[in-house]
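Dumped data.cif below, it's mmCIF, C-alpha atoms:
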data_query
loop_
_atom_site.label_atom_id
_atom_site.label_comp_id
_atom_site.auth_asym_id
_atom_site.auth_seq_id
_atom_site.Cartn_x
_atom_site.Cartn_y
_atom_site.Cartn_z
CA MET A 1 17.17 -54.44 4.64
CA ALA A 2 17.17 -53.83 0.89
CA PRO A 3 18.42 -50.43 -0.25
CA SER A 4 15.96 -47.85 -1.48
CA ASP A 5 15.34 -47.05 -5.14
CA THR A 6 17.49 -43.93 -4.94
CA THR A 7 20.62 -45.67 -3.64
CA VAL A 8 21.01 -48.34 -6.34
CA ASP A 9 23.28 -47.54 -9.26
CA PRO A 10 21.77 -48.96 -12.51
CA VAL A 11 25.04 -50.64 -13.53
CA ASP A 12 25.52 -52.20 -10.12
CA LEU A 13 21.89 -53.27 -10.13
CA ARG A 14 22.26 -55.15 -13.41
CA THR A 15 25.40 -56.89 -12.14
CA GLN A 16 23.77 -57.86 -8.87
CA VAL A 17 20.55 -59.09 -10.44
CA VAL A 18 22.22 -61.14 -13.19
CA ALA A 19 24.47 -62.86 -10.65
CA ALA A 20 21.64 -63.46 -8.19
CA SER A 21 19.15 -64.76 -10.75
CA ILE A 22 21.63 -67.16 -12.34
CA ARG A 23 22.75 -68.43 -8.95
CA LEU A 24 19.18 -69.05 -7.79
CA PHE A 25 18.01 -70.53 -11.09
CA SER A 26 20.95 -72.95 -10.96
CA GLU A 27 20.14 -73.98 -7.41
CA TYR A 28 16.33 -74.03 -7.34
CA GLY A 29 15.32 -74.09 -11.00
CA TYR A 30 13.95 -71.34 -13.18
CA GLU A 31 10.26 -71.92 -12.54
CA SER A 32 10.65 -72.42 -8.78
CA THR A 33 12.67 -69.26 -8.14
CA THR A 34 10.57 -66.24 -7.19
CA VAL A 35 11.16 -62.57 -7.84
CA ASP A 36 11.21 -62.01 -4.08
CA GLN A 37 14.08 -64.48 -3.73
CA ILE A 38 16.05 -62.70 -6.45
CA ALA A 39 15.46 -59.30 -4.88
CA ALA A 40 16.59 -60.55 -1.47
CA ASP A 41 19.67 -62.28 -2.88
CA ALA A 42 20.63 -59.24 -4.98
CA GLY A 43 20.15 -56.94 -1.99
CA VAL A 44 17.60 -54.70 -3.67
CA SER A 45 13.98 -53.91 -2.95
CA ARG A 46 11.15 -55.68 -4.70
CA ARG A 47 9.91 -52.31 -5.96
CA THR A 48 13.32 -51.53 -7.52
CA LEU A 49 13.37 -54.91 -9.24
CA PHE A 50 9.94 -54.47 -10.77
CA ARG A 51 10.73 -50.94 -11.91
CA GLN A 52 13.84 -52.11 -13.78
CA PHE A 53 12.81 -55.54 -15.08
CA ARG A 54 9.58 -56.82 -16.58
CA SER A 55 10.24 -60.53 -16.03
CA LYS A 56 12.70 -63.13 -14.80
CA GLU A 57 13.91 -63.44 -18.40
CA ASP A 58 14.89 -59.77 -18.32
CA MET A 59 16.86 -60.38 -15.15
CA ILE A 60 19.00 -63.23 -16.44
CA PHE A 61 19.80 -61.34 -19.67
CA ALA A 62 20.26 -57.90 -18.11
CA ASP A 63 23.96 -57.74 -18.97
CA HIS A 64 23.15 -58.51 -22.61
CA GLU A 65 20.81 -55.53 -22.64
CA ALA A 66 23.62 -53.36 -21.32
CA LEU A 67 26.04 -54.77 -23.91
CA ILE A 68 23.66 -54.18 -26.80
CA ALA A 69 23.36 -50.58 -25.66
CA GLN A 70 27.16 -50.32 -25.39
CA VAL A 71 27.66 -51.76 -28.88
CA ALA A 72 25.03 -49.42 -30.33
CA GLU A 73 26.70 -46.46 -28.62
CA ARG A 74 30.13 -47.54 -29.88
CA LEU A 75 28.89 -47.71 -33.45
CA GLY A 76 26.54 -44.76 -33.19
CA ALA A 77 29.37 -42.53 -31.99
CA ASP A 78 31.09 -42.92 -35.36
CA GLU A 79 30.22 -39.77 -37.31
CA PHE A 80 32.51 -40.27 -40.32
CA ALA A 81 30.82 -39.84 -43.67
CA PRO A 82 30.98 -42.63 -46.28
CA ASP A 83 33.26 -40.50 -48.48
CA GLU A 84 35.75 -39.86 -45.69
CA ALA A 85 39.46 -40.25 -46.50
CA ALA A 86 40.58 -43.81 -47.23
CA ASP A 87 42.75 -43.93 -44.13
CA GLY A 88 39.81 -43.05 -41.87
CA PRO A 89 37.81 -45.51 -39.78
CA ASP A 90 36.54 -48.54 -41.69
CA PRO A 91 32.91 -49.46 -40.93
CA TRP A 92 33.49 -53.18 -41.59
CA THR A 93 36.29 -53.19 -39.03
CA ASP A 94 34.16 -51.12 -36.64
CA VAL A 95 31.60 -53.94 -36.58
CA CYS A 96 34.33 -56.48 -35.81
CA ASP A 97 35.64 -54.27 -33.00
CA ALA A 98 32.13 -54.04 -31.57
CA ALA A 99 31.78 -57.83 -31.63
CA GLU A 100 35.05 -58.06 -29.74
CA ILE A 101 33.60 -55.87 -26.98
CA VAL A 102 30.97 -58.53 -26.34
CA PHE A 103 33.46 -61.40 -26.42
CA THR A 104 35.90 -59.78 -24.00
CA HIS A 105 33.06 -58.96 -21.58
CA PHE A 106 32.06 -62.60 -21.26
CA LEU A 107 35.67 -63.75 -21.26
CA ALA A 108 36.19 -61.61 -18.17
CA SER A 109 33.04 -63.04 -16.53
CA ARG A 110 33.33 -66.60 -17.82
CA ASN A 111 32.20 -68.32 -14.61
CA LEU A 112 28.91 -66.46 -14.69
CA ALA A 113 28.52 -67.21 -18.40
CA VAL A 114 29.07 -70.92 -17.73
CA ARG A 115 26.32 -71.00 -15.09
CA ARG A 116 23.92 -69.09 -17.34
CA LEU A 117 24.53 -71.53 -20.19
CA HIS A 118 23.59 -74.40 -17.90
CA VAL A 119 20.36 -72.64 -16.96
CA VAL A 120 19.45 -71.51 -20.48
CA THR A 121 19.93 -74.94 -22.05
CA ARG A 122 17.35 -76.42 -19.67
CA VAL A 123 14.60 -73.82 -20.23
CA PRO A 124 13.01 -73.52 -23.71
CA ALA A 125 11.79 -69.96 -23.07
CA LEU A 126 15.32 -68.86 -22.21
CA ARG A 127 16.76 -70.55 -25.28
CA ASP A 128 14.27 -68.63 -27.41
CA ARG A 129 15.17 -65.38 -25.65
CA GLU A 130 18.85 -66.07 -26.30
CA LEU A 131 18.19 -66.47 -30.03
CA VAL A 132 16.28 -63.19 -30.11
CA THR A 133 19.12 -61.48 -28.26
CA THR A 134 21.63 -62.80 -30.78
CA TYR A 135 19.60 -61.38 -33.64
CA ARG A 136 19.45 -58.00 -31.92
CA TYR A 137 23.25 -57.75 -32.03
CA GLN A 138 23.16 -58.62 -35.72
CA ARG A 139 20.49 -56.00 -36.36
CA VAL A 140 22.61 -53.31 -34.69
CA PHE A 141 25.49 -54.27 -37.00
CA GLU A 142 23.26 -54.17 -40.07
CA GLU A 143 21.75 -50.80 -39.22
CA PHE A 144 25.18 -49.30 -38.65
CA LEU A 145 26.51 -50.59 -41.98
CA ARG A 146 23.46 -49.33 -43.87
CA ARG A 147 23.94 -45.91 -42.32
CA ARG A 148 27.65 -45.76 -43.06
CA LEU A 149 27.50 -47.44 -46.48
CA PRO A 150 24.25 -46.31 -48.10
CA ASP A 151 25.38 -47.41 -51.56
CA GLU A 152 26.39 -50.92 -50.46
CA SER A 153 24.19 -53.84 -51.50
CA PRO A 154 21.81 -54.98 -48.73
CA GLU A 155 22.75 -58.60 -49.42
CA ARG A 156 26.40 -57.95 -48.68
CA ILE A 157 25.59 -56.04 -45.51
CA VAL A 158 23.29 -58.80 -44.23
CA ALA A 159 25.84 -61.48 -45.15
CA PHE A 160 28.63 -59.66 -43.34
CA ALA A 161 26.62 -58.94 -40.19
CA ALA A 162 25.33 -62.52 -40.05
CA ALA A 163 28.79 -64.00 -40.57
CA VAL A 164 30.36 -61.82 -37.87
CA THR A 165 27.57 -62.67 -35.43
CA SER A 166 27.71 -66.40 -36.16
CA VAL A 167 31.48 -66.72 -35.82
CA HIS A 168 31.46 -64.60 -32.68
CA ASN A 169 28.73 -66.73 -31.09
CA TYR A 170 30.44 -69.99 -32.03
CA LEU A 171 33.72 -68.90 -30.44
CA LEU A 172 31.89 -67.43 -27.45
CA ARG A 173 30.19 -70.73 -26.71
CA SER A 174 33.45 -72.58 -27.29
CA MET A 175 35.18 -70.29 -24.82
CA ILE A 176 32.42 -70.78 -22.25
CA ARG A 177 32.74 -74.55 -22.64
CA GLY A 178 36.47 -74.34 -21.95
CA ASP A 179 38.05 -74.49 -25.42
CA ALA A 180 41.53 -73.04 -24.93
CA ASP A 181 41.70 -72.06 -28.61
CA ALA A 182 38.63 -69.81 -28.36
CA THR A 183 40.53 -66.59 -27.66
CA VAL A 184 40.38 -62.95 -28.66
CA THR A 185 43.26 -63.62 -31.05
CA THR A 186 41.28 -66.40 -32.74
CA LEU A 187 38.23 -64.14 -32.98
CA ARG A 188 40.25 -61.38 -34.62
CA ARG A 189 41.77 -63.82 -37.10
CA GLU A 190 38.42 -65.30 -38.10
CA LEU A 191 36.74 -61.92 -38.42
CA ARG A 192 39.63 -60.81 -40.61
CA ARG A 193 38.96 -63.83 -42.82
CA ILE A 194 35.31 -62.82 -43.11
CA ARG A 195 36.31 -59.33 -44.23
CA LEU A 196 38.63 -60.78 -46.85
CA ALA A 197 36.12 -63.39 -48.05
CA LEU A 198 33.40 -60.78 -48.54
CA GLY A 199 35.69 -58.15 -49.99
CA ALA A 200 35.06 -55.98 -46.94
CA ASP A 201 38.68 -55.16 -46.19
CA ALA A 202 40.77 -52.07 -46.93
CA GLY A 203 37.83 -49.77 -46.32
CA GLY A 204 35.36 -52.16 -47.94
CA ASP A 205 36.59 -51.57 -51.51
CA GLU A 206 36.35 -54.97 -53.15
CA HIS A 207 37.81 -53.50 -56.36
CA ALA A 208 40.95 -52.09 -54.77
CA ALA A 209 43.94 -52.51 -57.01
CA THR A 210 46.37 -55.33 -56.20
CA ALA A 211 50.01 -54.69 -56.98
CA ILE A 212 52.15 -57.60 -58.18
CA THR A 213 55.87 -57.20 -57.76
CA VAL A 214 58.19 -59.32 -59.93
CA VAL A 215 61.88 -59.65 -59.15
CA THR A 216 64.66 -61.80 -60.51
CA HIS A 217 67.23 -63.38 -58.26
CA PRO A 218 69.96 -66.02 -58.35
CA SER A 219 68.66 -69.55 -57.89
CA ASP A 220 70.78 -69.94 -54.77
CA ALA A 221 69.53 -66.73 -53.11
CA ASP A 222 68.28 -67.16 -49.55
CA ALA A 223 65.01 -65.80 -48.14
CA ASP A 224 66.61 -62.61 -46.78
CA GLN A 225 68.18 -61.79 -50.13
CA ILE A 226 64.87 -62.32 -51.93
CA ALA A 227 63.02 -60.14 -49.38
CA ARG A 228 65.55 -57.34 -49.88
CA ALA A 229 65.17 -57.60 -53.64
CA VAL A 230 61.37 -57.35 -53.35
CA ALA A 231 61.63 -54.35 -51.00
CA GLU A 232 64.00 -52.56 -53.36
CA GLU A 233 61.70 -53.17 -56.33
CA ILE A 234 58.67 -51.86 -54.38
CA ARG A 235 60.57 -48.70 -53.43
CA ALA A 236 61.63 -48.22 -57.06
CA HIS A 237 58.05 -48.73 -58.25
CA ARG A 238 56.72 -46.14 -55.80
CA SER A 239 59.38 -43.67 -56.89
CA ARG A 240 58.32 -44.07 -60.50
CA GLN A 241 54.66 -43.51 -59.53
CA ALA A 242 55.45 -40.34 -57.55
#
Could you render the structure from this file as structure tokens?
Amino acid sequence: MAPSDTTVDPVDLRTQVVAASIRLFSEYGYESTTVDQIAADAGVSRRTLFRQFRSKEDMIFADHEALIAQVAERLGADEFAPDEAADGPDPWTDVCDAAEIVFTHFLASRNLAVRRLHVVTRVPALRDRELVTTYRYQRVFEEFLRRRLPDESPERIVAFAAAVTSVHNYLLRSMIRGDADATVTTLRRELRRIRLALGADAGGDEHAATAITVVTHPSDADADQIARAVAEEIRAHRSRQA
């Protein structure tokens, strides 16, 4: 017997329904699978299912809905003003950290992600829904950056959010398809490159001063000797600036 509405935790419900819908869609096909079958397989009542989800599309993407809410909460919880101290949280990096939340979620549930990909690629309506879902992540990123950086150009904000979303999605699909190089480390490296390419590093100040340190050394000096000479010159420079 399916549990009543009052005994189903919303988080557990999403997990159960996503797993059940993907499993049944893989086995019987998207069009042939009924809501009653999903409810029975997920161990929930038909009434609970219809109260929580409007369609079968909603069921297969339920974890995305939860992730979008989690990402929005992660970014929305940041209350730092744009003129906060330079060593405070960086909104560009915050967006990258939020993207990583999504990647690590699907990395931890890769088997389910693989089965969903097989289902989605065969159903045009689901492919369209996936594209819309992708844009919703990007929109959350854009809205956060506009709120945190009201004086930033809209073109730069859109470019950054789109680049982060695109690279994340490319690596996510690569990971799902079994690419061993599609890792969290790779994602972090590529997102770092985006920040550098768009001048969105070091708190987003593209005009931050760059210090050039010049040292002289014997032609036969080794790497350690040169590194020590550079370090000593940097310390001397900072002492002169103090």
| request: Apply the PyMOL selection byres ((chain A and resi 60) around 12) to the file shown and report the selected residues as an MDAnalysis selection string. | output: chainID A and resid 14:26 30 35 38 53:59 61:66 112:113 115:117 119:120 125:127 129:130 133
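Among A:Ser45, A:Phe106, A:Val71, A:Asp12, the residue with the shortest atom-to-atom distance to Glu143 (chain A), counting all atoms listed in the file, is A:Val71.
Across the model, the gap from CA of Val132 (chain A) to CA of Cys96 (chain A) is 20.1 Å.
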| Close residues, Gly178 (chain A) itself excluded, 10 Å, all atoms listed in the file, min 6 positions apart in chain, as a list in words |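 Close residues of Gly178 (chain A): Arg110, Val114 and Leu172 of chain A.
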Residues of the last selection are to be written out with C-alpha atoms, as a PDB file, keeping the file's coordinate frame.
ATOM      1  CA  ARG A 110      33.330 -66.600 -17.820  1.00  0.00           C
ATOM      2  CA  VAL A 114      29.070 -70.920 -17.730  1.00  0.00           C
ATOM      3  CA  LEU A 172      31.890 -67.430 -27.450  1.00  0.00           C
TER       4      LEU A 172
END
| task | Compile the contact shell of Glu73 (chain A) as a PyMOL selection string: residues with an atom at most 12 Å away, counting all atoms listed in the file, same-chain residues fewer than 5 positions apart removed. | result | chain A and resi 66-68+78-79+94-95+98+101+140-141+144
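Within 10 Å of the point (26.9, -61.7, -37.2), counting all atoms listed in the file, the protein and nucleic acid residues come to Val95, Cys96, Ala99, Thr134, Tyr135, Arg136, Tyr137, Gln138, Arg139, Val140, Phe141, Glu142, Val158, Ala159, Phe160, Ala161, Ala162, Ala163, Val164, Thr165, Ser166, Val167, His168, Asn169 and Leu191 of chain A.
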| field | Gap from CA of Ala39 (chain A) to CA of Gln52 (chain A) - Å, one decimal | value |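 Computing it gives 11.6 Å between the two atoms.
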| request: Could you please determine the separation between CA of Ala69 (chain A) and CA of Val184 (chain A) in Å, to one decimal place? | output: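 We find that CA of Ala69 (chain A) and CA of Val184 (chain A) lie 21.3 Å from each other.
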